[in-house]
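Report on the structure given below.
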Amino acid sequence: MHISKQFISIVIIIIGLVSLSNSTGTEVRPCPSADTSVNKEQCIYEDETVHYTWNCSCFQNSSMLSIRSSAKVANSNLNQLENAVIVAHADTNHSLCNDNGVFSIPITGRYLGEMIFDIEGDSIDGSKDYLAVKVCRKQTLLENIIMLIVMPLVLINKFAFGAKIEMDSLKEYVLKPKELSLCFLVQFGLIPLTAILWGWVFKLDVLAVLSLLVGAVCPGGGGGYVFSYLIDGDITLAIAASLFSTLFAMVAMPAVIGLYTFFAAIPHDIIIPYTKIILILVMIAVPISSGMLLRHYRPEWAKKLIKIIRPMSLFLILVGSVMMAFMTRYVVIYGPWQGYVLAFLLPGGGYLIAAILSKLCGFDWAKTKAISLESGMKNTLLGVAVIEISFGQPTADLSSVIILMVTAGQTILCVLFYALYLIKSKLFAGNGDDTKVAFGRDIPEDTVAFLNSYQ
């Protein structure tokens, strides 16, 4: 009972803090000016009303202010402004100087973007000032709770995947990295190149092309080896590709972005989040290596642990789909129509290119599946992080929408691959790929062979 009371108290405190963060400020602001720079302004949020308050002395000889949308466009490349979407609106078109000696104008955020308002007093000099407003997305408490629940499950799943890896097989891929080299070529060379080409074909604006390139140059993510496992791909190769491509990304991402933007004449000020990349490496390496140690010293425990991989992987895919559904509103409102096509075209092309090159190199189907999925399925969350630290809000969120569309597209394609695999397995039961591990020291009764699904 005592613990329950403490828990309730903590929840009340959290709700109180969230309420405080949602409260609108009414502090008196510095006098407006002819400066239309939006970068200096703090964000207001969608459906939030903020009272912009100034001392009446800011507007000499004026007893009333009028406010309206400006013909001036904020310093931004956002599609919303170009399409004349109303980012924010003033709840009144005039304000009187009140008894406290201030003008107060309530402004409500409607859509993500940047907007300029004209502010004009009723004095005889007719001077005009400007108010720059930014409307940003606010991360909800539900999003934070989902991440808090999901992240431990992701780490446990990685730990279980580590128990699926055989050390000698991993050494073979590292010492003779033909498969990894092909994967890196497609990941960091060919797919980013296709992103630039598709951006030109579909006539995307500069920010959209840059965002598409950033998403395309990201390393392979955990989804690649999850689906490789589900369709009987080479799980050791898939995990090795995920780990080493993330490590290689610290050099490859700035090099590829710099090279391709130079030749495509795309201006940019991209910042690579090295700290986040290192954190991703740790989150991959630590649980997976721990699982490998468990496999080596306690193989009977490892056999039990791998039983959770399939149900937990499917659960995490479901949770990821739910989280993407939360973002559907932003995709529908802010996503360019070309993004619906590119969401499937870019990753689908990556899967296909990697598969064709793998077969031309003579790799078996297990390796081909792993290379294809790890090459085409990107860690797009890293791409979103790159955009977020490279641009201010709301430009970052708006530019990330096309990356979110690609994230949804690559996941839908992999779910379709898995569905086709299940259909094939049912129709041709007993005639599937019986490939076994070609090397390694595991004895048959204790093996947790990475090329075979657990039965």
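Residues are referred to by chain and number: the chain letter is A, B, ... according to the order shown in the structure tokens, the number counts from 1 in that chain, and ligands are numbered separately from 1 in the order shown.
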Show me, as CSV, the residues of segment 226-290 of chain A having an atom within 8 Å of segment 167-174 of chain A, each with the closest atom pair and its distance in Å, using only C-alpha atoms.
```
residue,atom,partner,partner_atom,distance
A:Thr236,CA,A:Leu170,CA,6.3
A:Leu237,CA,A:Tyr173,CA,7.0
A:Ala240,CA,A:Leu170,CA,7.2
```
Go ahead and dump the residues you just picked, C-alpha atoms, as a PDB file, in the first residue's frame.
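The new file selection-v1.pdb reads:
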```pdb
ATOM      1  CA  THR A 236      25.026 -13.721 -38.089  1.00  0.00           C
ATOM      2  CA  LEU A 237      25.755 -11.836 -41.303  1.00  0.00           C
ATOM      3  CA  ALA A 240      27.464  -8.164 -38.251  1.00  0.00           C
TER       4      ALA A 240
END
```
- Distance query Ala265 of chain A at most 12 Å, only C-alpha atoms, self and fewer than 2 positions along chain excluded, as an NGL selection string: :A and (196 or 200 or 206 or 209-210 or 257-263 or 267-268)
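Taking atom CA of Asp99 of chain A and atom CA of Ser62 of chain A as endpoints, the distance between them is 14.2 Å.
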- Query: Please, which residues of segment 219-288 of chain A, numbered as in this document, come out helix (DSSP H, G or I) from DSSP, as a PyMOL selection string?
  - Reply: chain A and resi 222-230+235-263+274-288
- Message: I need the residue nearest Pro299 of chain A from this list: A:Leu230, A:Cys183, A:Val217, A:Ile165. Use only C-alpha atoms for the distance.
- Response: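 Checking each candidate against Pro299 of chain A, we get A:Ile165 as the closest.
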Segment 171-249 of chain A residues near segment 347-353 of chain A within 10 Å, closest pair each, using only C-alpha atoms, as CSV:
```
residue,atom,partner,partner_atom,distance
A:Val186,CA,A:Gly350,CA,7.2
A:Gln187,CA,A:Gly350,CA,7.9
A:Leu190,CA,A:Gly350,CA,7.9
A:Ile191,CA,A:Gly350,CA,5.8
A:Pro192,CA,A:Gly350,CA,9.5
A:Thr194,CA,A:Gly349,CA,8.3
A:Ala195,CA,A:Pro347,CA,9.7
A:Ala216,CA,A:Pro347,CA,8.4
```
Saved selection, atoms kept: N, CA, C and O atoms, as a PDB file, in the first residue's frame:
```pdb
ATOM      1  N   VAL A 186      26.216  -0.948 -51.209  1.00  0.00           N
ATOM      2  CA  VAL A 186      24.818  -0.619 -51.489  1.00  0.00           C
ATOM      3  C   VAL A 186      24.302   0.422 -50.498  1.00  0.00           C
ATOM      4  O   VAL A 186      23.635   1.394 -50.886  1.00  0.00           O
ATOM      5  N   GLN A 187      24.612   0.233 -49.206  1.00  0.00           N
ATOM      6  CA  GLN A 187      24.117   1.136 -48.162  1.00  0.00           C
ATOM      7  C   GLN A 187      24.595   2.567 -48.341  1.00  0.00           C
ATOM      8  O   GLN A 187      23.803   3.511 -48.296  1.00  0.00           O
ATOM      9  N   LEU A 190      25.213   3.218 -53.369  1.00  0.00           N
ATOM     10  CA  LEU A 190      24.198   3.136 -54.408  1.00  0.00           C
ATOM     11  C   LEU A 190      22.843   3.701 -53.979  1.00  0.00           C
ATOM     12  O   LEU A 190      22.206   4.428 -54.739  1.00  0.00           O
ATOM     13  N   ILE A 191      22.390   3.351 -52.768  1.00  0.00           N
ATOM     14  CA  ILE A 191      21.077   3.859 -52.341  1.00  0.00           C
ATOM     15  C   ILE A 191      21.081   5.381 -52.184  1.00  0.00           C
ATOM     16  O   ILE A 191      20.129   6.048 -52.638  1.00  0.00           O
ATOM     17  N   PRO A 192      22.110   6.006 -51.576  1.00  0.00           N
ATOM     18  CA  PRO A 192      22.126   7.478 -51.550  1.00  0.00           C
ATOM     19  C   PRO A 192      22.143   8.101 -52.947  1.00  0.00           C
ATOM     20  O   PRO A 192      21.522   9.146 -53.172  1.00  0.00           O
ATOM     21  N   THR A 194      20.736   6.806 -55.614  1.00  0.00           N
ATOM     22  CA  THR A 194      19.362   6.723 -56.143  1.00  0.00           C
ATOM     23  C   THR A 194      18.458   7.768 -55.485  1.00  0.00           C
ATOM     24  O   THR A 194      17.529   8.268 -56.122  1.00  0.00           O
ATOM     25  N   ALA A 195      18.734   8.098 -54.216  1.00  0.00           N
ATOM     26  CA  ALA A 195      17.937   9.137 -53.544  1.00  0.00           C
ATOM     27  C   ALA A 195      18.082  10.476 -54.258  1.00  0.00           C
ATOM     28  O   ALA A 195      17.098  11.193 -54.472  1.00  0.00           O
ATOM     29  N   ALA A 216      18.722   8.086 -46.689  1.00  0.00           N
ATOM     30  CA  ALA A 216      19.272   7.012 -47.520  1.00  0.00           C
ATOM     31  C   ALA A 216      20.695   6.624 -47.128  1.00  0.00           C
ATOM     32  O   ALA A 216      21.129   5.498 -47.383  1.00  0.00           O
TER      33      ALA A 216
END
```
- Message: Which residue is closest to Thr407 of chain A? Choose from A:Leu294, A:Cys218, A:Ile288, A:Leu185 and count only C-alpha atoms.
- Response: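 Using only C-alpha atoms, Thr407 of chain A sits closest to A:Cys218.
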- Query: Quick one: residues within 8 Å of Gly109 of chain A, only C-alpha atoms counted, chain neighbours fewer than 3 positions away excluded, as a list in words?
  - Reply: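 After dropping sequence-adjacent residues, the list is Ile44, Tyr45, Glu46, Asp47, Glu48, Thr49, Val87, Ala88, His89, Leu112 and Val135 of chain A.
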- Item | Atomic separation - atom CA of Ile333 of chain A relative to atom CA of Leu398 of chain A, Å |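 According to the coordinates, atom CA of Leu398 of chain A and atom CA of Ile333 of chain A are separated by 10.1 Å.
Our summary of the geometry notes that atom CA of Ala354 of chain A is positioned 12.8 Å from atom CA of Gly220 of chain A.
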- Which one of A:Leu65, A:Leu247, A:Ile116, A:Ala285 sits closest to Phe159 of chain A if you count only C-alpha atoms?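 Counting only C-alpha atoms, the residue closest to Phe159 of chain A is A:Ala285.
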- Would you mind writing down, as a VMD selection string, each residue of segment 48-285 of chain A that DSSP on the backbone assigns to strand (DSSP E)? chain A and resid 49 to 55 64 to 69 88 to 90 94 to 96 102 to 109 113 to 121 128 to 136
